[in-house]
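Participant: Dropping in my_file11.txt, with compact mmCIF, N, CA and C atoms.
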# COMPACT_ATOMS: atom_id res chain seq x y z
N MET A 1436 185.11 121.58 170.41
CA MET A 1436 185.52 122.88 169.90
C MET A 1436 187.03 122.89 169.59
N ALA A 1437 187.82 122.36 170.51
CA ALA A 1437 189.27 122.33 170.29
C ALA A 1437 189.61 121.46 169.08
N THR A 1438 188.89 120.34 168.90
CA THR A 1438 189.13 119.47 167.75
C THR A 1438 188.84 120.21 166.45
N MET A 1439 187.77 120.99 166.42
CA MET A 1439 187.43 121.75 165.22
C MET A 1439 188.51 122.79 164.92
N PHE A 1440 189.02 123.45 165.95
CA PHE A 1440 190.09 124.44 165.78
C PHE A 1440 191.33 123.79 165.17
N VAL A 1441 191.72 122.62 165.68
CA VAL A 1441 192.88 121.91 165.16
C VAL A 1441 192.65 121.51 163.70
N ALA A 1442 191.47 121.02 163.38
CA ALA A 1442 191.15 120.61 162.01
C ALA A 1442 191.22 121.79 161.05
N ILE A 1443 190.69 122.92 161.47
CA ILE A 1443 190.71 124.12 160.62
C ILE A 1443 192.15 124.60 160.45
N THR A 1444 192.91 124.61 161.54
CA THR A 1444 194.31 125.04 161.48
C THR A 1444 195.11 124.14 160.54
N MET A 1445 194.91 122.82 160.65
CA MET A 1445 195.62 121.89 159.78
C MET A 1445 195.22 122.09 158.31
N ALA A 1446 193.96 122.33 158.07
CA ALA A 1446 193.50 122.57 156.70
C ALA A 1446 194.15 123.81 156.12
N LEU A 1447 194.20 124.87 156.89
CA LEU A 1447 194.83 126.11 156.43
C LEU A 1447 196.32 125.92 156.22
N PHE A 1448 196.99 125.24 157.16
CA PHE A 1448 198.42 125.00 157.06
C PHE A 1448 198.72 124.19 155.80
N GLY A 1449 197.93 123.16 155.55
CA GLY A 1449 198.12 122.33 154.36
C GLY A 1449 197.98 123.13 153.09
N THR A 1450 197.03 124.06 153.04
CA THR A 1450 196.83 124.90 151.87
C THR A 1450 198.05 125.76 151.61
N VAL A 1451 198.64 126.31 152.65
CA VAL A 1451 199.83 127.14 152.50
C VAL A 1451 200.98 126.29 151.98
N MET A 1452 201.17 125.10 152.50
CA MET A 1452 202.28 124.24 152.09
C MET A 1452 202.16 123.84 150.62
N VAL A 1453 200.97 123.54 150.14
CA VAL A 1453 200.79 123.13 148.75
C VAL A 1453 201.20 124.25 147.81
N GLY A 1454 201.01 125.51 148.20
CA GLY A 1454 201.34 126.64 147.35
C GLY A 1454 202.82 126.94 147.26
N SER A 1455 203.63 126.34 148.11
CA SER A 1455 205.05 126.61 148.11
C SER A 1455 205.73 125.96 146.92
N PRO A 1456 206.45 126.71 146.06
CA PRO A 1456 207.04 126.14 144.86
C PRO A 1456 207.94 124.94 145.14
N ALA A 1457 208.76 125.00 146.18
CA ALA A 1457 209.72 123.93 146.42
C ALA A 1457 209.05 122.64 146.87
N GLN A 1458 207.80 122.69 147.31
CA GLN A 1458 207.13 121.50 147.80
C GLN A 1458 205.94 121.11 146.94
N ALA A 1459 205.80 121.72 145.79
CA ALA A 1459 204.60 121.50 144.99
C ALA A 1459 204.62 120.17 144.23
N TYR A 1460 205.80 119.63 143.88
CA TYR A 1460 205.88 118.45 143.04
C TYR A 1460 206.98 117.53 143.55
N ALA A 1461 206.93 116.26 143.15
CA ALA A 1461 207.92 115.27 143.58
C ALA A 1461 208.99 115.08 142.50
N GLY A 1462 210.01 114.31 142.84
CA GLY A 1462 211.05 113.94 141.88
C GLY A 1462 212.21 114.90 141.87
N PRO A 1463 213.16 114.67 140.92
CA PRO A 1463 214.33 115.56 140.82
C PRO A 1463 213.87 117.01 140.66
N HIS A 1464 214.63 117.93 141.22
CA HIS A 1464 214.22 119.33 141.27
C HIS A 1464 215.44 120.23 141.08
N TYR A 1465 215.36 121.13 140.11
CA TYR A 1465 216.38 122.15 139.87
C TYR A 1465 215.75 123.51 140.14
N TRP A 1466 216.56 124.50 140.52
CA TRP A 1466 216.04 125.85 140.70
C TRP A 1466 217.18 126.85 140.60
N MET A 1467 216.81 128.09 140.31
CA MET A 1467 217.76 129.21 140.36
C MET A 1467 216.98 130.51 140.47
N TYR A 1468 217.69 131.55 140.84
CA TYR A 1468 217.12 132.88 141.03
C TYR A 1468 217.72 133.84 140.01
N THR A 1469 217.05 134.97 139.83
CA THR A 1469 217.69 136.03 139.05
C THR A 1469 218.95 136.45 139.78
N ASN A 1470 219.87 137.05 139.07
CA ASN A 1470 221.21 137.31 139.58
C ASN A 1470 221.37 138.73 140.13
N ASP A 1471 220.28 139.42 140.44
CA ASP A 1471 220.38 140.75 141.01
C ASP A 1471 220.67 140.63 142.51
N GLY A 1472 221.02 141.74 143.15
CA GLY A 1472 221.41 141.73 144.55
C GLY A 1472 220.41 141.09 145.49
N THR A 1473 219.15 141.41 145.32
CA THR A 1473 218.07 140.76 146.07
C THR A 1473 217.15 140.15 145.03
N PRO A 1474 217.28 138.85 144.79
CA PRO A 1474 216.60 138.22 143.66
C PRO A 1474 215.12 138.57 143.57
N GLY A 1475 214.72 138.95 142.36
CA GLY A 1475 213.32 139.29 142.11
C GLY A 1475 212.57 138.18 141.40
N GLY A 1476 213.31 137.14 140.94
CA GLY A 1476 212.66 136.06 140.23
C GLY A 1476 213.27 134.72 140.55
N ARG A 1477 212.47 133.67 140.37
CA ARG A 1477 212.91 132.30 140.64
C ARG A 1477 212.29 131.38 139.60
N VAL A 1478 213.06 130.36 139.20
CA VAL A 1478 212.53 129.29 138.35
C VAL A 1478 212.76 127.96 139.07
N ASP A 1479 211.76 127.10 139.00
CA ASP A 1479 211.85 125.73 139.49
C ASP A 1479 211.56 124.82 138.32
N PHE A 1480 212.33 123.72 138.20
CA PHE A 1480 212.14 122.75 137.13
C PHE A 1480 212.13 121.35 137.71
N TRP A 1481 211.03 120.64 137.46
CA TRP A 1481 210.90 119.24 137.84
C TRP A 1481 210.82 118.44 136.54
N PRO A 1482 211.85 117.63 136.20
CA PRO A 1482 211.83 116.84 134.97
C PRO A 1482 210.64 115.88 134.88
N ASP A 1483 210.24 115.30 136.00
CA ASP A 1483 209.12 114.36 135.97
C ASP A 1483 207.83 115.16 135.76
N GLY A 1484 207.33 115.13 134.55
CA GLY A 1484 206.16 115.93 134.17
C GLY A 1484 206.54 117.20 133.44
N ASP A 1485 207.85 117.41 133.26
CA ASP A 1485 208.36 118.61 132.56
C ASP A 1485 207.70 119.87 133.12
N ILE A 1486 207.75 120.04 134.43
CA ILE A 1486 207.09 121.15 135.09
C ILE A 1486 208.09 122.29 135.30
N ILE A 1487 207.74 123.44 134.75
CA ILE A 1487 208.57 124.65 134.90
C ILE A 1487 207.70 125.72 135.54
N GLN A 1488 208.15 126.23 136.68
CA GLN A 1488 207.39 127.26 137.38
C GLN A 1488 208.29 128.50 137.52
N VAL A 1489 207.81 129.63 137.01
CA VAL A 1489 208.52 130.90 137.08
C VAL A 1489 207.74 131.81 138.02
N CYS A 1490 208.45 132.40 139.00
CA CYS A 1490 207.78 133.22 140.01
C CYS A 1490 208.44 134.59 140.13
N ASP A 1491 207.62 135.61 140.27
CA ASP A 1491 208.06 136.97 140.61
C ASP A 1491 208.03 137.01 142.13
N ILE A 1492 209.19 137.19 142.76
CA ILE A 1492 209.26 137.06 144.22
C ILE A 1492 209.64 138.36 144.94
N GLN A 1493 209.52 139.48 144.23
CA GLN A 1493 209.86 140.75 144.87
C GLN A 1493 209.01 141.87 144.30
N ALA A 1494 208.56 142.75 145.15
CA ALA A 1494 207.78 143.92 144.73
C ALA A 1494 208.76 145.00 144.28
N ASP A 1495 209.33 144.81 143.07
CA ASP A 1495 210.34 145.74 142.57
C ASP A 1495 209.92 146.43 141.27
N GLY A 1496 208.69 146.19 140.83
CA GLY A 1496 208.19 146.80 139.60
C GLY A 1496 208.63 146.10 138.33
N ALA A 1497 209.51 145.11 138.44
CA ALA A 1497 209.97 144.37 137.27
C ALA A 1497 209.21 143.05 137.16
N HIS A 1498 209.17 142.49 135.96
CA HIS A 1498 208.59 141.16 135.80
C HIS A 1498 209.71 140.18 135.43
N VAL A 1499 209.43 138.90 135.60
CA VAL A 1499 210.42 137.86 135.37
C VAL A 1499 210.18 137.24 134.00
N ASN A 1500 211.25 137.06 133.25
CA ASN A 1500 211.18 136.41 131.94
C ASN A 1500 212.11 135.21 131.95
N MET A 1501 211.59 134.06 131.57
CA MET A 1501 212.37 132.82 131.48
C MET A 1501 212.32 132.34 130.04
N VAL A 1502 213.49 132.07 129.47
CA VAL A 1502 213.57 131.49 128.13
C VAL A 1502 214.16 130.09 128.28
N VAL A 1503 213.47 129.10 127.73
CA VAL A 1503 213.90 127.71 127.77
C VAL A 1503 214.22 127.31 126.33
N THR A 1504 215.44 126.80 126.11
CA THR A 1504 215.89 126.46 124.76
C THR A 1504 216.54 125.08 124.76
N HIS A 1505 216.13 124.23 123.81
CA HIS A 1505 216.77 122.92 123.65
C HIS A 1505 218.17 123.17 123.10
N ILE A 1506 219.18 122.68 123.79
CA ILE A 1506 220.58 122.95 123.44
C ILE A 1506 220.92 122.49 122.02
N PHE A 1507 220.39 121.35 121.60
CA PHE A 1507 220.79 120.75 120.33
C PHE A 1507 220.00 121.24 119.13
N THR A 1508 218.72 121.61 119.32
CA THR A 1508 217.90 122.03 118.18
C THR A 1508 217.64 123.53 118.15
N GLY A 1509 217.77 124.20 119.28
CA GLY A 1509 217.47 125.63 119.35
C GLY A 1509 216.00 125.93 119.55
N ALA A 1510 215.14 124.91 119.54
CA ALA A 1510 213.70 125.12 119.76
C ALA A 1510 213.48 125.56 121.21
N GLY A 1511 212.49 126.42 121.40
CA GLY A 1511 212.24 126.88 122.76
C GLY A 1511 211.00 127.70 122.91
N PHE A 1512 210.86 128.29 124.08
CA PHE A 1512 209.70 129.11 124.42
C PHE A 1512 210.07 130.00 125.59
N SER A 1513 209.20 130.96 125.88
CA SER A 1513 209.43 131.83 127.04
C SER A 1513 208.21 131.79 127.96
N ILE A 1514 208.46 132.09 129.23
CA ILE A 1514 207.42 132.13 130.25
C ILE A 1514 207.65 133.42 131.05
N GLN A 1515 206.58 134.12 131.38
CA GLN A 1515 206.69 135.33 132.18
C GLN A 1515 205.84 135.21 133.44
N ALA A 1516 206.28 135.92 134.48
CA ALA A 1516 205.49 136.07 135.70
C ALA A 1516 205.63 137.53 136.13
N SER A 1517 204.54 138.11 136.58
CA SER A 1517 204.55 139.53 136.93
C SER A 1517 203.73 139.78 138.18
N GLY A 1518 204.30 140.54 139.09
CA GLY A 1518 203.61 140.89 140.33
C GLY A 1518 204.10 140.03 141.48
N ASN A 1519 204.56 140.65 142.53
CA ASN A 1519 205.13 139.95 143.67
C ASN A 1519 204.23 138.81 144.14
N GLY A 1520 204.80 137.60 144.18
CA GLY A 1520 204.07 136.43 144.63
C GLY A 1520 203.36 135.68 143.53
N ASN A 1521 203.35 136.20 142.31
CA ASN A 1521 202.67 135.52 141.20
C ASN A 1521 203.62 134.56 140.49
N CYS A 1522 203.08 133.40 140.11
CA CYS A 1522 203.85 132.38 139.40
C CYS A 1522 203.11 131.97 138.14
N THR A 1523 203.87 131.51 137.15
CA THR A 1523 203.32 130.92 135.94
C THR A 1523 203.94 129.54 135.81
N THR A 1524 203.10 128.53 135.57
CA THR A 1524 203.57 127.15 135.48
C THR A 1524 203.21 126.57 134.11
N ARG A 1525 204.18 125.88 133.52
CA ARG A 1525 203.97 125.14 132.29
C ARG A 1525 204.38 123.70 132.54
N ARG A 1526 203.70 122.75 131.84
CA ARG A 1526 203.98 121.34 132.05
C ARG A 1526 203.75 120.55 130.77
N ALA A 1527 204.33 119.35 130.72
CA ALA A 1527 204.23 118.49 129.53
C ALA A 1527 202.79 118.24 129.12
N SER A 1528 201.89 118.13 130.09
CA SER A 1528 200.50 117.82 129.78
C SER A 1528 199.82 118.91 128.94
N GLN A 1529 200.45 120.10 128.84
CA GLN A 1529 199.92 121.17 127.99
C GLN A 1529 200.34 120.96 126.54
N GLY A 1530 201.23 120.00 126.29
CA GLY A 1530 201.63 119.63 124.93
C GLY A 1530 202.54 120.63 124.25
N GLY A 1531 202.78 120.38 122.99
CA GLY A 1531 203.62 121.26 122.17
C GLY A 1531 205.01 121.43 122.74
N ALA A 1532 205.50 122.64 122.72
CA ALA A 1532 206.86 122.94 123.17
C ALA A 1532 207.08 122.61 124.64
N TYR A 1533 206.01 122.54 125.43
CA TYR A 1533 206.14 122.27 126.87
C TYR A 1533 206.41 120.80 127.18
N ASP A 1534 206.21 119.91 126.21
CA ASP A 1534 206.51 118.49 126.36
C ASP A 1534 207.97 118.29 125.96
N LEU A 1535 208.88 118.41 126.91
CA LEU A 1535 210.31 118.43 126.65
C LEU A 1535 210.85 117.05 126.28
N VAL A 1536 211.88 117.04 125.43
CA VAL A 1536 212.56 115.81 125.04
C VAL A 1536 213.27 115.25 126.28
N GLU A 1537 213.15 113.93 126.46
CA GLU A 1537 213.79 113.28 127.61
C GLU A 1537 215.27 113.03 127.35
N ARG A 1538 216.04 112.99 128.42
CA ARG A 1538 217.46 112.65 128.33
C ARG A 1538 217.58 111.23 127.81
N GLY A 1539 218.45 111.01 126.83
CA GLY A 1539 218.67 109.70 126.27
C GLY A 1539 217.74 109.38 125.11
N VAL A 1540 216.69 110.17 124.91
CA VAL A 1540 215.76 109.93 123.80
C VAL A 1540 215.78 111.15 122.89
N GLY A 1541 216.91 111.66 122.57
CA GLY A 1541 216.98 112.86 121.75
C GLY A 1541 217.80 113.92 122.44
N LYS A 1542 218.58 113.47 123.40
CA LYS A 1542 219.50 114.39 124.08
C LYS A 1542 218.77 115.55 124.71
N GLY A 1543 217.96 115.28 125.71
CA GLY A 1543 217.11 116.27 126.36
C GLY A 1543 217.84 117.23 127.28
N CYS A 1544 218.70 118.05 126.73
CA CYS A 1544 219.41 119.08 127.51
C CYS A 1544 218.81 120.44 127.16
N TYR A 1545 218.48 121.20 128.20
CA TYR A 1545 217.83 122.50 128.00
C TYR A 1545 218.58 123.60 128.73
N ARG A 1546 218.68 124.76 128.05
CA ARG A 1546 219.25 125.95 128.67
C ARG A 1546 218.10 126.77 129.24
N PHE A 1547 218.26 127.20 130.48
CA PHE A 1547 217.28 128.04 131.18
C PHE A 1547 217.93 129.39 131.42
N ASN A 1548 217.36 130.46 130.87
CA ASN A 1548 217.85 131.83 131.08
C ASN A 1548 216.75 132.61 131.77
N ILE A 1549 217.04 133.10 132.96
CA ILE A 1549 216.07 133.90 133.72
C ILE A 1549 216.61 135.31 133.85
N ARG A 1550 215.72 136.28 133.71
CA ARG A 1550 216.12 137.69 133.88
C ARG A 1550 214.90 138.53 134.22
N LEU A 1551 215.18 139.72 134.69
CA LEU A 1551 214.12 140.68 135.01
C LEU A 1551 214.00 141.71 133.89
N TRP A 1552 212.78 142.20 133.70
CA TRP A 1552 212.50 143.28 132.76
C TRP A 1552 211.70 144.33 133.49
N ASP A 1553 212.06 145.62 133.27
CA ASP A 1553 211.19 146.69 133.77
C ASP A 1553 210.13 146.87 132.69
N ASP A 1554 209.59 148.03 132.52
CA ASP A 1554 208.53 148.20 131.52
C ASP A 1554 208.93 147.73 130.13
N ILE A 1555 210.13 148.09 129.67
CA ILE A 1555 210.54 147.72 128.31
C ILE A 1555 212.01 147.30 128.20
N HIS A 1556 212.77 147.35 129.28
CA HIS A 1556 214.20 147.07 129.22
C HIS A 1556 214.59 145.91 130.11
N TYR A 1557 215.61 145.19 129.68
CA TYR A 1557 216.25 144.16 130.48
C TYR A 1557 216.95 144.82 131.66
N VAL A 1558 216.79 144.31 132.86
CA VAL A 1558 217.45 144.86 134.05
C VAL A 1558 218.87 144.32 134.09
N GLN A 1559 219.84 145.21 133.85
CA GLN A 1559 221.25 144.84 133.79
C GLN A 1559 221.67 144.09 135.05
N GLY A 1560 222.41 143.00 134.85
CA GLY A 1560 222.94 142.23 135.97
C GLY A 1560 221.98 141.23 136.58
N SER A 1561 220.76 141.13 136.05
CA SER A 1561 219.78 140.22 136.66
C SER A 1561 219.77 138.82 136.02
N GLU A 1562 220.42 138.65 134.87
CA GLU A 1562 220.33 137.38 134.16
C GLU A 1562 221.14 136.28 134.85
N ASP A 1563 220.56 135.09 134.90
CA ASP A 1563 221.27 133.90 135.34
C ASP A 1563 220.95 132.80 134.35
N LYS A 1564 221.88 131.85 134.17
CA LYS A 1564 221.72 130.79 133.18
C LYS A 1564 222.12 129.46 133.79
N ALA A 1565 221.48 128.40 133.29
CA ALA A 1565 221.86 127.04 133.65
C ALA A 1565 221.47 126.13 132.49
N ALA A 1566 222.10 124.97 132.42
CA ALA A 1566 221.73 123.95 131.44
C ALA A 1566 221.46 122.67 132.21
N TRP A 1567 220.21 122.19 132.15
CA TRP A 1567 219.78 121.04 132.93
C TRP A 1567 219.26 119.93 132.03
N TRP A 1568 219.54 118.67 132.43
CA TRP A 1568 219.01 117.50 131.73
C TRP A 1568 217.56 117.28 132.12
N ASN A 1569 216.77 116.86 131.16
CA ASN A 1569 215.39 116.46 131.43
C ASN A 1569 215.39 114.95 131.67
N ASP A 1570 215.72 114.55 132.90
CA ASP A 1570 215.80 113.14 133.30
C ASP A 1570 214.83 112.93 134.45
N ASN A 1571 213.78 112.14 134.23
CA ASN A 1571 212.71 111.98 135.21
C ASN A 1571 213.14 111.23 136.47
N SER A 1572 214.18 110.42 136.40
CA SER A 1572 214.47 109.54 137.52
C SER A 1572 215.58 110.03 138.44
N THR A 1573 216.46 110.89 137.96
CA THR A 1573 217.56 111.32 138.80
C THR A 1573 218.05 112.71 138.40
N LYS A 1574 218.55 113.42 139.38
CA LYS A 1574 219.17 114.72 139.13
C LYS A 1574 220.63 114.47 138.75
N VAL A 1575 220.98 114.86 137.55
CA VAL A 1575 222.34 114.62 137.06
C VAL A 1575 223.05 115.96 136.89
N ALA A 1576 224.37 115.89 136.72
CA ALA A 1576 225.15 117.11 136.56
C ALA A 1576 224.61 117.93 135.39
N ASP A 1577 224.84 119.23 135.46
CA ASP A 1577 224.41 120.11 134.37
C ASP A 1577 224.96 119.60 133.04
N CYS A 1578 224.20 119.82 131.99
CA CYS A 1578 224.63 119.36 130.67
C CYS A 1578 225.32 120.48 129.91
Would you put the structure from the file into structure tokens?
Facilitator:
Amino acid sequence: MATMFVAITMALFGTVMVGSPAQAYAGPHYWMYTNDGTPGGRVDFWPDGDIIQVCDIQADGAHVNMVVTHIFTGAGFSIQASGNGNCTTRRASQGGAYDLVERGVGKGCYRFNIRLWDDIHYVQGSEDKAAWWNDNSTKVADC
């Protein structure tokens, strides 16, 4: 009986850990939060697999909007997440714009802009920006 309890507990614990954004994938990892007083949104970027995960992390009635833009060409896309605890993930395997140019093979530098939106307006002061290299093997300084 005790062995079964431990097995069930470990299975449940493992399920919780897999769902955690910071532990979901391997390799170099970048992240940032919205810039409001108590962050309502978070983005995680793993270059290996071009994985971008946008999460709404606060029950504040706003949704999170992430715009990803290639610094050199201006090509890009947006990702939204809405509802406390909800995340949206995009990855290279989905093809098209989500298959990001690699560093050194076309200057794979991307600007990430995260911000909150209420029903129809940008939430003032919530925007944060970063420019990250898409380099699968190492985390390098911002581009």
Participant: Measuring atom to atom with all atoms listed in the file, identify which of A:Tyr1545, A:Asp1554, A:Ala1510, A:Tyr1465 is nearest to A:His1498.
Facilitator: A:Asp1554
Participant: Using only N, CA and C atoms, find the one residue out of A:Asp1570, A:Gly1560, A:Ala1532, A:Leu1551 that sits nearest to A:Gly1511.
Facilitator: A:Ala1532
Participant: Mind checking DSSP for chain A and telling me the helix (DSSP H, G or I) residues as a ChimeraX atom specification?
Facilitator: /A:1437-1453,1456-1458,1527-1529,1531-1533
Participant: Any chance you can output those residues with N, CA and C atoms as a CSV table (one decimal), in the coordinates of the input?
Facilitator:
chain,number,residue,atom,x,y,z
A,1437,ALA,N,187.8,122.4,170.5
A,1437,ALA,CA,189.3,122.3,170.3
A,1437,ALA,C,189.6,121.5,169.1
A,1438,THR,N,188.9,120.3,168.9
A,1438,THR,CA,189.1,119.5,167.8
A,1438,THR,C,188.8,120.2,166.4
A,1439,MET,N,187.8,121.0,166.4
A,1439,MET,CA,187.4,121.8,165.2
A,1439,MET,C,188.5,122.8,164.9
A,1440,PHE,N,189.0,123.4,166.0
A,1440,PHE,CA,190.1,124.4,165.8
A,1440,PHE,C,191.3,123.8,165.2
A,1441,VAL,N,191.7,122.6,165.7
A,1441,VAL,CA,192.9,121.9,165.2
A,1441,VAL,C,192.6,121.5,163.7
A,1442,ALA,N,191.5,121.0,163.4
A,1442,ALA,CA,191.2,120.6,162.0
A,1442,ALA,C,191.2,121.8,161.0
A,1443,ILE,N,190.7,122.9,161.5
A,1443,ILE,CA,190.7,124.1,160.6
A,1443,ILE,C,192.2,124.6,160.4
A,1444,THR,N,192.9,124.6,161.5
A,1444,THR,CA,194.3,125.0,161.5
A,1444,THR,C,195.1,124.1,160.5
A,1445,MET,N,194.9,122.8,160.6
A,1445,MET,CA,195.6,121.9,159.8
A,1445,MET,C,195.2,122.1,158.3
A,1446,ALA,N,194.0,122.3,158.1
A,1446,ALA,CA,193.5,122.6,156.7
A,1446,ALA,C,194.2,123.8,156.1
A,1447,LEU,N,194.2,124.9,156.9
A,1447,LEU,CA,194.8,126.1,156.4
A,1447,LEU,C,196.3,125.9,156.2
A,1448,PHE,N,197.0,125.2,157.2
A,1448,PHE,CA,198.4,125.0,157.1
A,1448,PHE,C,198.7,124.2,155.8
A,1449,GLY,N,197.9,123.2,155.6
A,1449,GLY,CA,198.1,122.3,154.4
A,1449,GLY,C,198.0,123.1,153.1
A,1450,THR,N,197.0,124.1,153.0
A,1450,THR,CA,196.8,124.9,151.9
A,1450,THR,C,198.0,125.8,151.6
A,1451,VAL,N,198.6,126.3,152.6
A,1451,VAL,CA,199.8,127.1,152.5
A,1451,VAL,C,201.0,126.3,152.0
A,1452,MET,N,201.2,125.1,152.5
A,1452,MET,CA,202.3,124.2,152.1
A,1452,MET,C,202.2,123.8,150.6
A,1453,VAL,N,201.0,123.5,150.1
A,1453,VAL,CA,200.8,123.1,148.8
A,1453,VAL,C,201.2,124.2,147.8
A,1456,PRO,N,206.4,126.7,146.1
A,1456,PRO,CA,207.0,126.1,144.9
A,1456,PRO,C,207.9,124.9,145.1
A,1457,ALA,N,208.8,125.0,146.2
A,1457,ALA,CA,209.7,123.9,146.4
A,1457,ALA,C,209.0,122.6,146.9
A,1458,GLN,N,207.8,122.7,147.3
A,1458,GLN,CA,207.1,121.5,147.8
A,1458,GLN,C,205.9,121.1,146.9
A,1527,ALA,N,204.3,119.4,130.7
A,1527,ALA,CA,204.2,118.5,129.5
A,1527,ALA,C,202.8,118.2,129.1
A,1528,SER,N,201.9,118.1,130.1
A,1528,SER,CA,200.5,117.8,129.8
A,1528,SER,C,199.8,118.9,128.9
A,1529,GLN,N,200.4,120.1,128.8
A,1529,GLN,CA,199.9,121.2,128.0
A,1529,GLN,C,200.3,121.0,126.5
A,1531,GLY,N,202.8,120.4,123.0
A,1531,GLY,CA,203.6,121.3,122.2
A,1531,GLY,C,205.0,121.4,122.7
A,1532,ALA,N,205.5,122.6,122.7
A,1532,ALA,CA,206.9,122.9,123.2
A,1532,ALA,C,207.1,122.6,124.6
A,1533,TYR,N,206.0,122.5,125.4
A,1533,TYR,CA,206.1,122.3,126.9
A,1533,TYR,C,206.4,120.8,127.2
Participant: Near A:Trp1567, within 8 Å and counting all atoms listed in the file, which residues show up once chain neighbours fewer than 6 positions away are dropped, as JSON, numbers by chain?
Facilitator: {"A": [1465, 1543, 1544, 1545, 1546, 1547, 1575, 1576, 1577, 1578]}
Participant: What separation in Å, quoted to one decimal, exists between atom CA of A:Arg1477 and atom CA of A:Lys1542?
Facilitator: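 Atom CA of A:Lys1542 lies 25.3 Å from atom CA of A:Arg1477.
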Participant: Would you list, as a ChimeraX atom specification, the residues of chain A that end up in strand (DSSP E or B) under DSSP run on this structure's backbone?
Facilitator: /A:1465-1468,1476-1481,1486-1491,1498-1505,1511-1517,1522-1525,1544-1552,1557,1563-1568
Participant: Kindly give the distance, in Å, that separates atom CA of A:Ile1549 and atom CA of A:Asp1479, rounded to a single decimal.
Facilitator: 10.9 Å
Participant: Could you name the residues that touch A:Gly1475 at 7 Å or less, counting only C-alpha atoms, but leaving out those on the same chain fewer than 5 positions away, as a count of residues only?
Facilitator: 4
Participant: Using all atoms listed in the file, find the one residue out of A:His1464, A:Asp1553, A:Gly1496, A:Ile1506 that sits nearest to A:Pro1482.
Facilitator: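 Using all atoms listed in the file, A:Pro1482 sits closest to A:His1464.
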Participant: What does the distance from atom C of A:Gly1476 to atom C of A:Thr1508 come to in Å, to one decimal?
Facilitator: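 Computing the Euclidean distance for atom C of A:Gly1476 and atom C of A:Thr1508 yields 25.4 Å.
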Participant: Which is closer to A:Glu1562 than all the others in A:Asp1534, A:Val1502, A:Arg1550, A:Val1489, using all atoms listed in the file?
Facilitator: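 Smallest distance to A:Glu1562 is found for A:Arg1550.
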Participant: When distances are computed from only C-alpha atoms, which of A:Phe1480, A:Tyr1468, A:Ser1528, A:Val1536 shows the smallest separation from A:Val1499?
Facilitator: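 The closest residue to A:Val1499 is A:Tyr1468.
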Participant: Using only C-alpha atoms, pick whichever of A:Glu1537, A:Gly1462, A:Asn1548, A:Asn1470 has the shortest atom-to-atom distance to A:Gln1515.
Facilitator: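 Closest residue, counting only C-alpha atoms: A:Asn1548.
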Participant: With 4 Å on each side, where is the centre of the axis-aligned box around all listed atoms of stretch 1505-1514 of chain A, and how long are its edges in Å to one decimal, as JSON?
Facilitator:
{"center_x": 214.2, "center_y": 127.1, "center_z": 124.6, "size_x": 21.5, "size_y": 20.7, "size_z": 20.9}
